[in-house]
Amino acid sequence: MKTHVLIVGGGFAGAATAAALSKDTSVSITLIEGEKVPGVHSSGRNASMARRVIGDPLLAHLACQSIDDIRSMQAKDNVQLFDETGGLLIGQPTDIESLHRLANEIPDLKQDMQVVQRPDLLQRINALTDASSTLGIATNRCGVVDIHALLSHYLNIARTQGARVLTNHRISAIETQGGAIKRAFVNESWINCDVIINAAGFAANTVADMAGLDPLPITPSRRHLFVTERWEQIDPNWPFVWDISHGLYFRPESGGLLMCACDQTPWDKSEVPVEPTMRLSLAEKFSTYIPQLAEARPAHAWAGLRVLTPDNRFIIGEDPRLQGFVWAAGLGGHGMTPSHGVGQLVARVVTGKESSEGIYQGFSPKRLLTTVDESFAA
């Protein structure tokens, strides 16, 4: 079997890249996903919140661009992907003022953001009456994404445009020749390819090892999400609320609340079980910082993975150590929101249409190689 591009991983990074790259009919594309259903580790286990107000201008720019593109895709293809509920970031004055100053560099955010004082916070969300946070940033154009619909839509676009999408297909070896990708061993057979896109999420370094590359400094981490029983106190029209000072968030979900204490524990296994003690940690955190929600009773919980980098930026681009080995990894907790932009960027890298300057430079794997070299020298 021969394909120009082999994409390893069917989560948001891989699926969005396949959708973007398949527009070029001269490039044959095969996406492989090791699980029966794509997105079971990270992409299908997130809070669905499309947060555009981010302190890193590069991430904020990509998030704004992507949500606009998702809106356009929704209208063009007549499919429900995004609900513009708005967002409310709360925190201590110094944290909110710092975030506002950084996000103000992005024109789209500057037009959408509004700093709100405590009286306005209470008017918007009455559950914040006794909250520790006293200042906020409100936006109208943030919201909630249907993560399963969006992931499926990326994959459907890729298939429609000629890409092969194969589930239950696992890569187990990569062969190189003359410093370049030659082929990959998938489900007991070799696939000849010119480019491998490493969108393997928590297993990205495992794929790199198959290609003979030392690992990059990425840390898969477990995070828990809880959904409460139906609760009359909840207004389903609330925006999502994220406390950036104390590390917690919530939003309406199915008549109750989706809640998270922003826990972050290193975790490198494919199975991500719920840690029973996290329910108590959630209760303690909300009791301390948003007391009116302390009586929330989680009905069910799940845990997902976030793949983090030292500078909290993505890893996108060709690895300078091996021609044809392209990273699309380390998307942390922001992978869904900027996914469309990530796919477009990776596609431009593969087709040679992306320069080494600007936004690409900020995500390039080159920036992490010094860290790798130092760690191995030690």
# chains A, B, ... in the order shown; residues from 1 in each chain; ligands from 1

call {"tool": "residues_around", "arguments": {"residues": "Lys2 (chain A)", "least_positions_apart": "6", "cutoff": "9 Å", "atoms": "only C-alpha atoms", "output": "list in words"}}
result
Ser28, Arg183, Trp190, Ile191, Asn192 and Cys193 of chain A

call {"tool": "residues_around", "arguments": {"residues": "Pro320 (chain A)", "least_positions_apart": "3", "cutoff": "12 Å", "atoms": "only C-alpha atoms", "output": "PDB file with N, CA and C atoms, in the first residue's frame"}}
result
ATOM      1  N   GLY A 179      17.780   9.574   6.201  1.00  0.00           N
ATOM      2  CA  GLY A 179      17.294  10.708   6.990  1.00  0.00           C
ATOM      3  C   GLY A 179      15.892  11.145   6.650  1.00  0.00           C
ATOM      4  N   ALA A 180      15.109  10.258   6.034  1.00  0.00           N
ATOM      5  CA  ALA A 180      13.740  10.601   5.645  1.00  0.00           C
ATOM      6  C   ALA A 180      12.810   9.425   5.911  1.00  0.00           C
ATOM      7  N   LEU A 213      13.572   8.810  17.051  1.00  0.00           N
ATOM      8  CA  LEU A 213      13.750  10.159  17.581  1.00  0.00           C
ATOM      9  C   LEU A 213      13.653  10.156  19.101  1.00  0.00           C
ATOM     10  N   ILE A 316       3.783  21.910  16.354  1.00  0.00           N
ATOM     11  CA  ILE A 316       3.300  21.800  14.980  1.00  0.00           C
ATOM     12  C   ILE A 316       4.462  22.047  14.033  1.00  0.00           C
ATOM     13  N   GLY A 317       4.730  21.082  13.174  1.00  0.00           N
ATOM     14  CA  GLY A 317       5.764  21.282  12.170  1.00  0.00           C
ATOM     15  C   GLY A 317       6.664  20.077  11.977  1.00  0.00           C
ATOM     16  N   GLN A 323      13.380  14.115   7.984  1.00  0.00           N
ATOM     17  CA  GLN A 323      12.551  14.643   6.901  1.00  0.00           C
ATOM     18  C   GLN A 323      11.255  13.839   6.782  1.00  0.00           C
ATOM     19  N   GLY A 324      10.142  14.566   6.696  1.00  0.00           N
ATOM     20  CA  GLY A 324       8.848  13.915   6.520  1.00  0.00           C
ATOM     21  C   GLY A 324       8.145  13.527   7.804  1.00  0.00           C
ATOM     22  N   PHE A 325       8.766  13.784   8.958  1.00  0.00           N
ATOM     23  CA  PHE A 325       8.121  13.488  10.236  1.00  0.00           C
ATOM     24  C   PHE A 325       7.581  14.798  10.797  1.00  0.00           C
ATOM     25  N   VAL A 326       6.245  14.934  10.790  1.00  0.00           N
ATOM     26  CA  VAL A 326       5.589  16.201  11.157  1.00  0.00           C
ATOM     27  C   VAL A 326       4.797  16.011  12.447  1.00  0.00           C
ATOM     28  N   TRP A 327       4.994  16.932  13.382  1.00  0.00           N
ATOM     29  CA  TRP A 327       4.284  16.884  14.653  1.00  0.00           C
ATOM     30  C   TRP A 327       2.979  17.681  14.574  1.00  0.00           C
ATOM     31  N   SER A 356       8.709  29.651   7.605  1.00  0.00           N
ATOM     32  CA  SER A 356       9.263  29.309   8.920  1.00  0.00           C
ATOM     33  C   SER A 356       9.172  30.483   9.890  1.00  0.00           C
ATOM     34  N   SER A 364       6.750  25.579  16.315  1.00  0.00           N
ATOM     35  CA  SER A 364       7.682  24.623  15.716  1.00  0.00           C
ATOM     36  C   SER A 364       8.352  23.728  16.760  1.00  0.00           C
ATOM     37  N   PRO A 365       8.545  22.447  16.446  1.00  0.00           N
ATOM     38  CA  PRO A 365       9.247  21.554  17.378  1.00  0.00           C
ATOM     39  C   PRO A 365      10.692  21.976  17.619  1.00  0.00           C
ATOM     40  N   LYS A 366      11.251  22.802  16.751  1.00  0.00           N
ATOM     41  CA  LYS A 366      12.639  23.241  16.921  1.00  0.00           C
ATOM     42  C   LYS A 366      12.861  23.909  18.270  1.00  0.00           C
ATOM     43  N   ARG A 367      11.838  24.618  18.761  1.00  0.00           N
ATOM     44  CA  ARG A 367      12.014  25.371  20.013  1.00  0.00           C
ATOM     45  C   ARG A 367      12.223  24.453  21.207  1.00  0.00           C
ATOM     46  N   LEU A 368      11.800  23.181  21.089  1.00  0.00           N
ATOM     47  CA  LEU A 368      11.889  22.249  22.204  1.00  0.00           C
ATOM     48  C   LEU A 368      13.119  21.359  22.138  1.00  0.00           C
ATOM     49  N   LEU A 369      13.853  21.422  21.047  1.00  0.00           N
ATOM     50  CA  LEU A 369      14.994  20.515  20.894  1.00  0.00           C
ATOM     51  C   LEU A 369      16.129  20.865  21.844  1.00  0.00           C
TER      52      LEU A 369
END

call {"tool": "closest_residue", "arguments": {"among": "A:Met1, A:Leu121, A:Val272, A:Val195", "to": "Ser221 (chain A)", "atoms": "only C-alpha atoms"}}
result
A:Val272

call {"tool": "atom_distance", "arguments": {"atom1": "CA of Thr17 (chain A)", "atom2": "CA of Ala347 (chain A)"}}
result
6.1 Å

call {"tool": "residues_around", "arguments": {"residues": "His300 (chain A)", "least_positions_apart": "6", "cutoff": "9 Å", "atoms": "only C-alpha atoms", "output": "list in words"}}
result
Leu225, Phe226, Val227, Thr228 and Glu229 of chain A

call {"tool": "decode", "arguments": {"residues": "region 102-240 of chain A", "atoms": "C-alpha atoms", "output": "compact mmCIF listing (two decimals), in the first residue's frame"}}
result
# COMPACT_ATOMS: atom_id res chain seq x y z
CA LEU A 102 -2.61 40.36 26.87
CA ALA A 103 -5.83 39.38 25.08
CA ASN A 104 -6.34 43.00 24.02
CA GLU A 105 -3.57 42.45 21.44
CA ILE A 106 -6.04 40.41 19.37
CA PRO A 107 -8.43 42.69 17.41
CA ASP A 108 -11.29 40.16 17.48
CA LEU A 109 -11.06 39.90 21.26
CA LYS A 110 -10.66 43.63 21.82
CA GLN A 111 -14.03 44.16 20.15
CA ASP A 112 -15.74 41.37 22.09
CA MET A 113 -14.35 41.60 25.64
CA GLN A 114 -15.97 43.56 28.43
CA VAL A 115 -14.46 43.90 31.91
CA VAL A 116 -17.24 43.45 34.47
CA GLN A 117 -17.20 44.51 38.11
CA ARG A 118 -18.68 42.49 40.97
CA PRO A 119 -22.26 43.90 40.74
CA ASP A 120 -22.42 42.94 37.06
CA LEU A 121 -20.98 39.50 37.82
CA LEU A 122 -23.82 38.85 40.26
CA GLN A 123 -26.39 40.10 37.79
CA ARG A 124 -25.12 37.70 35.16
CA ILE A 125 -24.62 34.66 37.46
CA ASN A 126 -26.45 34.78 40.80
CA ALA A 127 -24.45 31.77 42.02
CA LEU A 128 -21.41 34.08 42.34
CA THR A 129 -22.89 35.97 45.31
CA ASP A 130 -20.27 34.73 47.79
CA ALA A 131 -17.53 33.93 45.26
CA SER A 132 -13.95 34.87 46.08
CA SER A 133 -13.37 36.36 42.63
CA THR A 134 -14.37 40.01 42.27
CA LEU A 135 -13.67 40.90 38.63
CA GLY A 136 -14.41 39.29 35.29
CA ILE A 137 -14.14 39.38 31.52
CA ALA A 138 -17.35 38.73 29.61
CA THR A 139 -17.46 37.76 25.96
CA ASN A 140 -20.39 37.16 23.65
CA ARG A 141 -18.70 35.09 20.94
CA CYS A 142 -17.30 32.26 23.03
CA GLY A 143 -19.50 29.23 23.59
CA VAL A 144 -19.96 25.48 23.58
CA VAL A 145 -19.02 23.09 20.77
CA ASP A 146 -20.70 19.78 20.05
CA ILE A 147 -17.39 17.90 20.20
CA HIS A 148 -18.68 14.65 18.72
CA ALA A 149 -20.39 16.44 15.84
CA LEU A 150 -17.29 18.52 15.09
CA LEU A 151 -14.89 15.57 15.17
CA SER A 152 -17.22 13.50 12.98
CA HIS A 153 -17.62 16.40 10.55
CA TYR A 154 -13.85 16.77 10.08
CA LEU A 155 -13.59 13.05 9.34
CA ASN A 156 -16.57 13.14 6.98
CA ILE A 157 -15.03 16.04 5.05
CA ALA A 158 -11.77 14.10 4.76
CA ARG A 159 -13.55 10.98 3.48
CA THR A 160 -15.66 12.95 1.01
CA GLN A 161 -12.53 14.55 -0.39
CA GLY A 162 -10.82 11.20 -0.91
CA ALA A 163 -8.89 10.49 2.28
CA ARG A 164 -8.88 6.96 3.71
CA VAL A 165 -9.94 6.86 7.37
CA LEU A 166 -9.13 3.55 9.07
CA THR A 167 -10.12 2.75 12.65
CA ASN A 168 -8.74 -0.20 14.64
CA HIS A 169 -5.43 0.35 12.86
CA ARG A 170 -2.29 0.64 14.98
CA ILE A 171 1.21 1.65 13.94
CA SER A 172 3.99 -0.48 15.42
CA ALA A 173 7.12 0.43 13.44
CA ILE A 174 8.55 3.16 11.21
CA GLU A 175 11.35 2.65 8.71
CA THR A 176 13.54 5.51 7.52
CA GLN A 177 16.09 5.82 4.75
CA GLY A 178 18.69 8.53 4.20
CA GLY A 179 17.29 10.71 6.99
CA ALA A 180 13.74 10.60 5.65
CA ILE A 181 10.51 8.70 6.23
CA LYS A 182 10.19 5.57 4.08
CA ARG A 183 7.31 3.46 5.38
CA ALA A 184 5.25 2.44 8.43
CA PHE A 185 4.13 -0.94 9.72
CA VAL A 186 0.38 -0.86 10.39
CA ASN A 187 -1.78 -3.87 11.31
CA GLU A 188 0.81 -6.40 10.13
CA SER A 189 1.58 -4.78 6.78
CA TRP A 190 3.86 -2.03 5.48
CA ILE A 191 2.49 1.27 4.15
CA ASN A 192 4.92 3.25 1.99
CA CYS A 193 4.63 6.97 2.66
CA ASP A 194 6.51 10.24 2.24
CA VAL A 195 5.15 11.99 5.34
CA ILE A 196 3.99 10.81 8.74
CA ILE A 197 1.93 13.30 10.75
CA ASN A 198 2.26 12.49 14.43
CA ALA A 199 -1.17 13.38 15.85
CA ALA A 200 -1.11 10.54 18.37
CA GLY A 201 -1.96 12.64 21.44
CA PHE A 202 -0.67 11.06 24.66
CA ALA A 203 1.26 8.48 22.58
CA ALA A 204 3.08 11.04 20.42
CA ASN A 205 6.49 10.24 21.88
CA THR A 206 5.87 6.52 21.36
CA VAL A 207 5.42 7.22 17.64
CA ALA A 208 8.54 9.40 17.63
CA ASP A 209 10.51 6.56 19.23
CA MET A 210 9.44 4.24 16.40
CA ALA A 211 11.10 6.71 14.03
CA GLY A 212 14.32 6.70 16.08
CA LEU A 213 13.75 10.16 17.58
CA ASP A 214 14.44 11.08 21.18
CA PRO A 215 11.24 12.24 22.93
CA LEU A 216 10.11 15.85 23.14
CA PRO A 217 9.16 17.22 26.57
CA ILE A 218 5.42 16.57 26.58
CA THR A 219 3.41 15.48 29.61
CA PRO A 220 0.07 13.68 29.28
CA SER A 221 -2.07 14.64 32.27
CA ARG A 222 -5.38 13.39 33.64
CA ARG A 223 -8.29 15.75 34.34
CA HIS A 224 -11.72 14.97 35.80
CA LEU A 225 -15.11 16.33 34.76
CA PHE A 226 -18.33 15.97 36.74
CA VAL A 227 -21.96 16.50 35.76
CA THR A 228 -24.54 17.09 38.46
CA GLU A 229 -28.13 16.00 38.75
CA ARG A 230 -30.80 18.40 37.48
CA TRP A 231 -30.90 21.45 39.71
CA GLU A 232 -33.56 24.16 39.72
CA GLN A 233 -30.98 26.77 40.71
CA ILE A 234 -29.26 26.46 37.33
CA ASP A 235 -30.20 28.80 34.49
CA PRO A 236 -29.56 26.92 31.21
CA ASN A 237 -28.77 30.26 29.55
CA TRP A 238 -25.72 30.96 31.70
CA PRO A 239 -22.42 31.34 29.83
CA PHE A 240 -19.59 29.10 30.86
